[in-house]
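Everything on this sheet refers to the single structure shown next.
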There are 2 protein chains.
Amino acid sequence: MRFQAVKGTRDFYPEDMAIRNWIVKSWRDVSLRNGFEEYDGPIFEYLDLFKAKSGEGIVSELFHFKDRGDRDLAIRPEMTPTLARMICAKAHSLPRPIKWFSTPRLCRAERPQRGRLREFFQWNIDIVGTDDVVSDAECIFVILDFFRQIGLTPADVVLKINSRSLLAALLSARGFEPSRHQEIYTVLDKRDKLPEDAYAEVLGKVVRTDREKADLRAIVQAHGENGLNEIAGLVTHDPAATAEVELLRRLFGLLGTMGVADYCTFDMSVVRGLAYYTGVVFEGFGKAGLQRAICGGGRYDQLLELLGGPPMSGIGFGTSDVVILDLLAELDRLPADARVSKRVEFYVIDADPSRFETVLDLVARLRSAGYAAEFSYKRQAIPKQFKQASAVGAKHAVSR
Amino acid sequence: MRFQAVKGTRDFYPEDMAIRNWIVKSWRDVSLRNGFEEYDGPIFEYLDLFKAKSGEGIVSELFHFKDRGDRDLAIRPEMTPTLARMICAKAHSLPRPIKWFSTPRLCRAERPQRGRLREFFQWNIDIVGTDDVVSDAECIFVILDFFRQIGLTPADVVLKINSRSLLAALLSARGFEPSRHQEIYTVLDKRDKLPEDAYAEVLGKVVRTDREKADLRAIVQAHGENGLNEIAGLVTHDPAATAEVELLRRLFGLLGTMGVADYCTFDMSVVRGLAYYTGVVFEGFGKAGLQRAICGGGRYDQLLELLGGPPMSGIGFGTSDVVILDLLAELDRLPADARVSKRVEFYVIDADPSRFETVLDLVARLRSAGYAAEFSYKRQAIPKQFKQASAVGAKHAVSR
């Protein structure tokens, strides 16, 4: 073979494409019924856009190049910068709340390794222009509506919810100055992603004393209803933190009203590494096997300003085709129908080769009327044609 | 505004996205009912793959870059190299004929100018593994089935059909050696794409005498049934050329049987510039206004070998969202429905703000049952909510 696909990318042969289409269609259906509108941007942006959001460090993670005018461009590694740019450009004319979704192809200049692809598809949901807790609930409902749609129950997946502002209040109360919070978030976010000793090492770099280390470990251990109640007891003297606790309680109440409380739990260990989250943050996990994060998101209040827009609060999440397919494979839960790449309603049998034109005539009429119709190029015996009709899964075999 | 989209790319706000989805869905529906299966590849490939197909000259037309391992990669400017690579990799296991379609996003490093985008979507149809003229007819039928589906009639568009092998026979008969044919194809292909004097200039570069120039002008003027009959008269002494004429006649006959002959005409001026076409070639044109080419394709017999695969004959075509949308805009024929980005079946009215939870409960139940349901975040007077329901095009307004 002279040419191969680039490592870390996938070829989508018809069966693989059918599965990808099945996932993307599920994302679309769920998004639309939840009142979201689809958008998309170009596959590449000015490199500066990504730098503005994520800093110089992002450059090595991007596929970047120059155009003929020597401008630096990069393939998008995530959708949020494009979303923010597009909303900023029409911030004053778009009706709010802006409820948008997208299913972009994204690329990252990873070193190819198992489970780390350089190209994947992501589902993004965002509600921008409101900080109403109802929009937190709706955003979280959408991902759970999708899980339910593809047959994932609370026995399979859990959505862990936290509040960055509450975490910040707890950190401040234990003497961690706000200027240290971001580096602490980045480390705490690695808690479930690193082996125990590797995590201890990075944790050791951001704490100054054993006391601080113990404090951090204690804070992130709080989880479940009891955990939230304990924290509520700790912050009675702090009105802002108490308000955050109340907000989380209201959010859990709304999720109960919407019938998805069984999927949700409070968990102080969910931090999210990104700098721009300000309020509610959440991550979904598979319960069996790898227990990898399968989706994540949160509220961002300063993101649009960071990228040159007006102050607008928003909440969003993302998940990828890769993690969802991995989980479904692990659970052996991919529906057989998702693999079907060819749909044939009528297979038109050629009963008399001398009148083959009548086959083509009927096939053309059926297709133009909207039916999927197929026939054999080769003139073959009738039993062979029936066999082929059956092989392509035709619903009906017809003859003229 | 701090950031803008890269010039020559498009942002797809919800209404634009709805239109793009409408086109892509039309492509998919037509492809599937004609018995084609969808495939896709990565957005980037090794640069060498594109060079192998198109030569070194292609590099300046590509967005290319290096990965961390210093390998040269490029964003795909067309789908055919990926198609050929994928088929080569499984040439011995794929059932034939291979009937595949794709709707890829493609990028070209054009200097941005009106009508020349650096990013667009293309519909590709290919039938590989047979040289049966029925597959020529079926391939052409698919694009005409699409035109009919979106309301383009033979009054709006014409499909001009020719045969490269017939053209080659005519050229040889007039003394143009086969080694000169490719440069002549490249020039003839520009006949409708350049102003008259610019065309005369490039034509002047490939002919050696005024006699040759006159011969070329005469050859490409043949068109319609009469044109084909005249050519048939010229080549009676040449069995290969006569066979090509018969093949074209059979093709037109099959297209008649399939009910699309009204769209089709023979036209010796359709040449296609690409080197790899060997048999039937065709191009579609809008009849009004710009008369731009809106689709094109043909039979290729050596393409897969060129890219390292086994000898397999194939036929395919491509068209892009840009040319189709331009034509529909020119004809003012884009259906109003194609712009609808939000579908709301139920708008749930909050009749009593103190019982807002019942609204959320109903909305969640409707959505989980598969219905598109919407509600207002803000607690508003009932008439205002009805107004909003109407503004988003809700089919039903319901209240609890």
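Residues are referred to by chain and number: the chain letter is A, B, ... according to the order shown in the structure tokens, the number counts from 1 in that chain, and ligands are numbered separately from 1 in the order shown.
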Could you work out which residues of chain A fall inside 6 Å of chain B? Count only C-alpha atoms, and format the result as a CSV table (one decimal) with N, CA and C atoms, in the first residue's frame.
chain,number,residue,atom,x,y,z
A,2,ARG,N,0.7,2.1,-0.9
A,2,ARG,CA,1.5,3.3,-1.0
A,2,ARG,C,1.1,4.4,0.0
A,6,VAL,N,-3.2,9.5,8.0
A,6,VAL,CA,-2.3,10.0,9.0
A,6,VAL,C,-2.6,9.4,10.3
A,9,THR,N,-5.8,9.6,13.0
A,9,THR,CA,-7.0,10.0,12.3
A,9,THR,C,-7.8,8.7,12.0
A,11,ASP,N,-10.4,6.6,9.2
A,11,ASP,CA,-11.2,6.5,7.9
A,11,ASP,C,-12.6,6.1,8.3
A,12,PHE,N,-13.6,6.7,7.7
A,12,PHE,CA,-14.9,6.3,8.0
A,12,PHE,C,-15.5,5.5,6.8
A,13,TYR,N,-15.2,4.2,6.8
A,13,TYR,CA,-15.9,3.3,5.8
A,13,TYR,C,-17.4,3.3,6.1
A,14,PRO,N,-18.2,2.8,5.1
A,14,PRO,CA,-19.6,3.0,5.3
A,14,PRO,C,-20.2,2.6,6.7
A,17,MET,N,-19.1,5.1,9.2
A,17,MET,CA,-19.8,6.4,8.9
A,17,MET,C,-21.2,6.3,9.4
A,33,ARG,N,-34.9,19.3,19.9
A,33,ARG,CA,-36.1,19.2,20.7
A,33,ARG,C,-36.0,19.9,22.0
A,34,ASN,N,-34.8,20.3,22.4
A,34,ASN,CA,-34.6,21.1,23.5
A,34,ASN,C,-34.5,22.6,23.2
A,35,GLY,N,-34.8,22.9,22.0
A,35,GLY,CA,-34.9,24.3,21.6
A,35,GLY,C,-33.6,25.0,21.2
A,37,GLU,N,-30.5,25.9,18.4
A,37,GLU,CA,-30.3,26.1,17.0
A,37,GLU,C,-28.9,25.7,16.6
A,38,GLU,N,-28.7,25.1,15.5
A,38,GLU,CA,-27.3,24.7,15.1
A,38,GLU,C,-26.5,25.9,14.5
A,39,TYR,N,-25.2,25.9,14.7
A,39,TYR,CA,-24.3,26.9,14.1
A,39,TYR,C,-23.1,26.2,13.8
A,40,ASP,N,-22.2,26.8,13.0
A,40,ASP,CA,-20.9,26.2,12.7
A,40,ASP,C,-20.0,27.4,12.3
A,41,GLY,N,-18.7,27.2,12.3
A,41,GLY,CA,-17.8,28.2,11.8
A,41,GLY,C,-16.8,27.4,10.9
A,42,PRO,N,-15.8,28.2,10.5
A,42,PRO,CA,-14.8,27.5,9.6
A,42,PRO,C,-13.9,26.5,10.4
A,45,GLU,N,-9.1,29.1,12.0
A,45,GLU,CA,-9.3,30.5,12.5
A,45,GLU,C,-7.9,31.1,12.5
A,65,PHE,N,-0.5,26.9,10.5
A,65,PHE,CA,0.1,27.1,9.2
A,65,PHE,C,-0.1,28.6,8.7
A,257,THR,N,-37.3,18.0,39.2
A,257,THR,CA,-38.5,18.4,38.5
A,257,THR,C,-38.5,17.9,37.1
A,258,MET,N,-37.3,18.0,36.5
A,258,MET,CA,-37.2,17.5,35.1
A,258,MET,C,-36.9,16.0,34.9
A,308,GLY,N,-13.1,40.0,23.6
A,308,GLY,CA,-13.4,41.3,23.0
A,308,GLY,C,-14.9,41.6,22.9
A,341,SER,N,-25.5,1.0,6.9
A,341,SER,CA,-25.1,2.1,6.0
A,341,SER,C,-25.9,2.2,4.7
A,342,LYS,N,-26.6,1.2,4.4
A,342,LYS,CA,-27.4,1.1,3.1
A,342,LYS,C,-28.8,0.7,3.4
A,361,ASP,N,-36.3,1.8,-15.8
A,361,ASP,CA,-37.4,2.7,-15.8
A,361,ASP,C,-38.1,2.7,-14.4
A,364,ALA,N,-35.8,4.2,-11.6
A,364,ALA,CA,-35.7,5.6,-11.7
A,364,ALA,C,-37.0,6.2,-11.1
A,367,ARG,N,-37.0,5.9,-7.3
A,367,ARG,CA,-36.1,6.8,-6.6
A,367,ARG,C,-36.6,8.2,-6.7
A,371,TYR,N,-38.2,6.7,-2.9
A,371,TYR,CA,-37.9,5.4,-2.3
A,371,TYR,C,-36.5,5.0,-2.7
A,372,ALA,N,-35.9,4.3,-1.7
A,372,ALA,CA,-34.6,3.7,-2.0
A,372,ALA,C,-34.7,2.5,-2.9
A,374,GLU,N,-32.8,-0.4,-5.7
A,374,GLU,CA,-31.6,-0.9,-6.1
A,374,GLU,C,-31.8,-2.0,-7.2
Quick one: residues within 10 Å of B:Arg211, only C-alpha atoms, excluding same-chain residues fewer than 5 positions away - as a VMD selection string?
chain B and resid 174 216 to 217
Between atom CA of B:Lys53 and atom CA of B:Gly129 lies a distance of 19.2 Å
Contacts of stretch 159-169 of chain A within 8 Å, only C-alpha atoms, excl. fewer than 2 positions in-chain, as JSON, numbers by chain
{"A": [157, 171, 172, 173, 178, 181, 240, 241, 244, 245, 248, 263, 264, 265, 266, 267, 268, 269, 270, 271, 277, 278, 279, 280, 281, 282, 283, 284, 285]}
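The spacing separating atom CA of B:Asp156 from atom CA of B:Leu194 amounts to 22.5 Å.
All residues of stretch 221-320 of chain B that DSSP, run on the backbone, classes as strand (DSSP E) are Cys264, Thr265, Phe266, Tyr277, Thr278, Gly279, Val280, Val281, Phe282, Glu283, Gly284, Phe285, Gly286, Ala293, Ile294, Cys295, Gly296, Gly297, Gly298, Arg299, Tyr300, Gly314, Ile315, Gly316, Phe317, Gly318, Thr319 and Ser320 of chain B.
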Return the single residue from B:Ile324, B:Val207, B:Ala293, B:Ala391 that is closest to A:Pro95, with distances computed using only C-alpha atoms.
B:Ala391
